[in-house]
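Structure, as C-alpha cells:
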Amino acid sequence: MTLLQLKSLVLYALLAVVLRFASFRYIYGIHKFKGPFLASFTDFWRFLYAYRNKLFPSRHLHEEYGDVVRLGPNALCFRDPQAIKDIYGAGKNWQKSGFYAPSAPVSRGQWAHTLFSSPDPTWHRNVRRAMNSFFSQTTVTTYEPLVESTIEPFLAELQRRFADIDGDAGSFDVYTWMTYFTFDVMSDLTYSQRHGFIARAEDVHGIIGWVEEFLAYGFWAGQMPWIDRLLRHNPFLMWLERRGWYGGNTFPGARFALQRLAEREREEAADGLDTKKREDLLDKFRKAKRERPEHITLKEVLGLSLSTIIAGSEPSAVSITAILYHVLRTPGCYVKVQSELASRFPHPASSQYPQTPFIAARSLPYLHACIQEAFRLHPPFAVNFERLVPQGGASICNQYIPAGTIVSVNPWVTQRDKATFGEDVDTFRPERWVIQDEDKVRAMERAMFVFGGGNHICLGRNIALMEIYKLVASLLRMFEVEMVDPAKEWTVDTWAISRQKGFEVRIKSKWSSKR
Ligand code: HEM
C-alpha cells in the first residue's frame, strides 16, 4: 500500500466516524428538542456533566432550553410535573434504561442485582410482589419498636457527648451523625444487630464511605453505561474476584450480611423456626424464600438485605439533615415547631428518652408541613429516573415521543415548578402546605417525586417516614438545638445523593434547663 492510499484510508475512516456521530443527532427522531449542542451527538456530554458533580440536570438547563431538554442523542428530560403521570403513572410499567445496571453490587465476583438495579422486569415484578406486604403501611407499624431501639441509644449518645458542653467539643456535624443513626437503624431493622456507628462514633469498616462512593459511581457511570464494563463490572476483575485474587468490588457490609445469613441458617437447622422471637427484615426475606422458592433464593435474600442498607440509609440521613437545617435557619420556624411539640407532649422531666409514637408525630400539622417542605426543597436523590418509551411511542406532556427514547424526570426540577408551587419556589415556606385549598395541595402533592413513582416507587418509604418523623420529633422534644454559625450555609454534593456538609449544631438538654 502506498503512502497516498494509506492517507486516503485514514481520511475515509475519520469521515465515517464523523458521519456516524453526526447521524446520532437525527436518527432517534428527537432533534426537534433543544439541548446542549454536544449532547445531541454523544452521551459523553452528560457523563462529564455528572462526573463533574453538577446538579443534574440543573434548572438552568430547562431555563435555557425549555420544558424538555435533550440530554443525550437518545435522552430527554421533562420539567412539567404532568410528565410524572405520563411516564410513571398507574399501569405504565415502562422498562428502566441502562442507567441502573452500574448500580448493581458485586458479591464474590457475581452481579448481586437489587430491585433498584435490575434490568429484568419479570424478576423485578416477582421479587417486588414477594416484598410489598413486608413494607406496607400496616406491617411497617409493627417495626416501630425496632426503630425505637436505635433512637434511644442515639439520643443518649448525643446527650453524653455533646449536650450542654461549651466550645468545639459541644458541637457536631449533623449529616455525619444522622448517617450513624440511619445506617444503624437499617442494620438493626434488617439483622437485629447494629453495625455500631453510633456507639463507636465512626464509620465502622468504612461502610458509609463505601456506600457514598458506590452511589456516586452508579450515577456517573450510568450516564454512559458501557463504561461500567471497563470499571466495576469489568468481566476480568469479576473473574479475579471469583477466584479470591481481588476483592476491591465487594461491599464491606456484604461480609456482615453473609455472616448473619449463615447464623440464621444454622439456628434454623439446629432449633427449627423460633416463632416467638422478634421478626426482622432478614427473617421476612427468608420467609419469602420458603414461601416462593421459585422467585426468592439465597441470592435474592442477600441482595435484598444489602439493598435496604445501600438504598435506605443515606437518603433518610439527608432528609433529617435538611429538615433541621431549614427549620433552624427560617425565622420563626423553630419556635413554631417547638411550641407545637410542647402543646402535644409533656416537657421532659429527666434525661430519659421520651418515646414519640409515629402516629402522634405525623399528626402535628406544622411539623408535617416542615417535613414535606424539606422533601420538596431538598429531595435526597438528585437523579433523573430514566425509563424507555415502549413500542409504538407515547405522548408525554402532549408531545409525541418515539419508542426507545430514554425519558426522565428529576425531583429537583419538578418540585421547584413555579406554575405549581408559586414564584417563591426557592424559599423554605412550610406554610404553603397549611392551606385550605385542597385542589392546590393535591396539585403540589402530584408534583412531588421524592420517592419516585409507579412500579419502582420507593419500597421503603413507609419505613423512611416513620424513622424521620420519630427521630425529628424525639430530638426536638429532648433538646434545644442551635446552629453553631447561623450565617454559614452548608455545601451540597450532587453525586446521586444531595448530601450536605458544613452544618453544625449545639444541643442543650431541656430537662436540665428546667432544673
Ligand atoms: C427519605 C428516604 C428515601 C428516599 C427519598 C428514597 C427515594 C427512592 C426513590 C426516588 C426510588 C425510586 C427509584 C427509581 O424509580 O428508579 C427508591 C427506590 C427504592 N428504595 Fe428508597 N428512598 C428512601 C428510603 C428508603 C428506605 C428506608 C429503604 C429500605 C427500607 C428504601 C429502599 C428502596 C428500594 C429497595 C428501592 C427500589 C424499588 C424498586 O425499584 O422496586 N428506600 N427510593
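Residue numbering restarts at 1 for every chain of the C-alpha cells, chains are lettered A, B, ... in their displayed order, and ligands are numbered from 1 as they appear.
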Legend entry - Test item: residues lying within 8 Å of ligand 1 with only C-alpha atoms and all ligand atoms, as a ChimeraX atom specification: /A:96,100,114-118,124,128,135,186,304,307-309,311-319,375,379-381,385-386,449-465,468
Inset, instruction - Would you please give, as a VMD selection string, all residues of stretch 112-288 of chain A that DSSP assigns to helix (DSSP H, G or I) based on the backbone? - result: chain A and resid 121 to 135 137 to 141 144 to 162 168 to 170 174 to 191 197 to 200 204 to 221 225 to 230 235 to 242 252 to 271 281 to 288
Legend entry - Å distance separating atom CA of A:Arg229 from atom CA of A:Thr250, one decimal place: 15.8 Å
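Interatomic distance, atom CA of A:Asp43 against atom CA of A:Ile406: 11.7 Å.
Take the candidates A:Tyr191, A:Leu71, A:Gln500, A:Gly206 and check each one against A:Ser58 using only C-alpha atoms; the shortest distance goes to A:Leu71.
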Legend entry - Contacts of A:Ile396 at 9 Å (only C-alpha atoms; same-chain gap of 2+ positions) as a ChimeraX atom specification: /A:78,82-83,85-87,394,398-401
Legend entry - Within 9 Å of stretch 279-296 of chain A using only C-alpha atoms, minus same-chain residues under 4 positions, as a list in words: Trp123, Asn126, Val127, Ala130, Met131, Phe134, Tyr143, Leu146, Asp188, Leu189, Thr190, Tyr191, Ser192, Arg260, Leu261, Arg264, Thr275, Glu300, Val301, Leu302, Leu304 and Ser305 of chain A
Mind writing the picked residues with N, CA and C atoms as a tab-separated table (two decimals), in the first residue's frame?
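Writing the result to out-v7.tsv gives the following:
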chain	number	residue	atom	x	y	z
A	123	TRP	N	-38.15	-10.43	36.71
A	123	TRP	CA	-37.50	-10.67	38.02
A	123	TRP	C	-37.98	-9.61	39.01
A	126	ASN	N	-41.64	-10.17	40.15
A	126	ASN	CA	-41.80	-11.30	41.08
A	126	ASN	C	-41.23	-11.00	42.47
A	127	VAL	N	-40.05	-10.38	42.49
A	127	VAL	CA	-39.43	-10.10	43.79
A	127	VAL	C	-40.21	-9.00	44.50
A	130	ALA	N	-43.25	-10.30	46.11
A	130	ALA	CA	-42.96	-11.05	47.34
A	130	ALA	C	-42.62	-10.13	48.50
A	131	MET	N	-42.20	-8.89	48.20
A	131	MET	CA	-41.75	-7.96	49.23
A	131	MET	C	-42.81	-6.98	49.70
A	134	PHE	N	-44.32	-6.82	53.18
A	134	PHE	CA	-43.40	-6.57	54.31
A	134	PHE	C	-43.15	-5.07	54.50
A	143	TYR	N	-42.84	-2.50	63.01
A	143	TYR	CA	-41.37	-2.33	63.17
A	143	TYR	C	-41.04	-1.18	64.11
A	146	LEU	N	-38.57	-1.63	66.77
A	146	LEU	CA	-37.20	-1.84	66.26
A	146	LEU	C	-36.53	-0.50	65.98
A	188	ASP	N	-30.19	-2.60	62.22
A	188	ASP	CA	-30.98	-3.19	63.31
A	188	ASP	C	-32.29	-3.78	62.76
A	189	LEU	N	-32.92	-3.00	61.88
A	189	LEU	CA	-34.19	-3.48	61.30
A	189	LEU	C	-33.97	-4.73	60.44
A	190	THR	N	-32.83	-4.75	59.77
A	190	THR	CA	-32.60	-5.86	58.83
A	190	THR	C	-32.08	-7.11	59.55
A	191	TYR	N	-31.08	-6.91	60.44
A	191	TYR	CA	-30.41	-8.09	61.03
A	191	TYR	C	-30.58	-8.21	62.54
A	192	SER	N	-31.34	-7.29	63.16
A	192	SER	CA	-31.43	-7.20	64.63
A	192	SER	C	-30.05	-7.00	65.23
A	260	ARG	N	-24.59	-12.96	59.08
A	260	ARG	CA	-25.92	-13.01	59.72
A	260	ARG	C	-26.77	-14.09	59.05
A	261	LEU	N	-26.65	-14.16	57.73
A	261	LEU	CA	-27.44	-15.13	56.97
A	261	LEU	C	-27.05	-16.56	57.37
A	264	ARG	N	-28.41	-17.46	60.82
A	264	ARG	CA	-29.85	-17.81	60.81
A	264	ARG	C	-30.06	-19.21	60.25
A	275	THR	N	-40.72	-19.02	66.48
A	275	THR	CA	-41.80	-18.12	66.11
A	275	THR	C	-42.02	-17.01	67.13
A	300	GLU	N	-31.30	-13.75	46.23
A	300	GLU	CA	-32.23	-12.63	46.38
A	300	GLU	C	-32.23	-12.13	47.84
A	301	VAL	N	-32.20	-13.10	48.78
A	301	VAL	CA	-32.22	-12.71	50.20
A	301	VAL	C	-31.01	-11.81	50.49
A	302	LEU	N	-29.85	-12.20	49.96
A	302	LEU	CA	-28.65	-11.40	50.18
A	302	LEU	C	-28.80	-10.02	49.51
A	304	LEU	N	-31.47	-8.38	48.72
A	304	LEU	CA	-32.48	-7.55	49.38
A	304	LEU	C	-31.94	-6.96	50.68
A	305	SER	N	-31.21	-7.80	51.45
A	305	SER	CA	-30.72	-7.25	52.72
A	305	SER	C	-29.64	-6.22	52.47
Legend entry - Spatial neighbours of A:Asp80, 8 Å, only C-alpha atoms, chain gap at least 6 places, as a PyMOL selection string: chain A and resi 67+397+414+417
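A straight line drawn from atom CA of A:Thr42 to atom CA of A:Ile84 is 25.9 Å long.
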Inset, instruction - Run DSSP on the backbone and give me the residues of stretch 378-478 of chain A it puts in strand (DSSP E or B), as a ChimeraX atom specification. - result: /A:381,387-388,394-396,399-401,406-409
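Using only C-alpha atoms for every distance, the candidate list A:Gly222, A:Arg506, A:Thr330, A:Met448 yields A:Thr330 as the residue closest to A:Ala487.
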Legend entry - For stretch 427-438 of chain A: contacts at 9 Å, only C-alpha atoms, fewer than 4 positions along chain excluded, given as a ChimeraX atom specification: /A:326-327,330,333,365-374,376-377,421,442-444
Go ahead and save the picked residues with C-alpha atoms, as an mmCIF file, in the first residue's frame.
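Final output, saved to result-v1.cif:
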data_model
loop_
_atom_site.group_PDB
_atom_site.id
_atom_site.type_symbol
_atom_site.label_atom_id
_atom_site.label_comp_id
_atom_site.auth_asym_id
_atom_site.auth_seq_id
_atom_site.Cartn_x
_atom_site.Cartn_y
_atom_site.Cartn_z
ATOM 1 C CA HIS A 326 -34.276 24.682 57.199
ATOM 2 C CA VAL A 327 -36.240 24.707 60.445
ATOM 3 C CA THR A 330 -36.004 30.009 58.755
ATOM 4 C CA CYS A 333 -39.971 28.247 62.194
ATOM 5 C CA PRO A 365 -49.735 19.767 61.118
ATOM 6 C CA TYR A 366 -46.850 22.228 61.297
ATOM 7 C CA LEU A 367 -44.170 19.565 61.751
ATOM 8 C CA HIS A 368 -45.699 17.687 58.808
ATOM 9 C CA ALA A 369 -45.598 20.846 56.688
ATOM 10 C CA CYS A 370 -41.911 21.378 57.565
ATOM 11 C CA ILE A 371 -41.016 17.802 56.610
ATOM 12 C CA GLN A 372 -42.977 17.995 53.371
ATOM 13 C CA GLU A 373 -41.321 21.325 52.521
ATOM 14 C CA ALA A 374 -37.834 19.942 53.231
ATOM 15 C CA ARG A 376 -39.669 19.452 48.278
ATOM 16 C CA LEU A 377 -36.713 21.772 48.511
ATOM 17 C CA PHE A 421 -45.596 25.996 43.827
ATOM 18 C CA ARG A 442 -53.344 17.985 45.667
ATOM 19 C CA ALA A 443 -51.599 19.646 42.695
ATOM 20 C CA MET A 444 -48.484 20.186 44.844
#
Legend entry - Within 9 Å of A:Arg243 using only C-alpha atoms, minus same-chain residues under 4 positions, as JSON, numbers by chain: {"A": [108, 109, 238, 239]}
Mind writing the picked residues with C-alpha atoms as a compact mmCIF listing (two decimals), in the first residue's frame?
# COMPACT_ATOMS: atom_id res chain seq x y z
CA ARG A 108 -17.72 -12.56 45.34
CA GLY A 109 -17.30 -11.67 41.69
CA MET A 238 -15.05 -10.16 38.38
CA TRP A 239 -13.25 -13.32 37.28
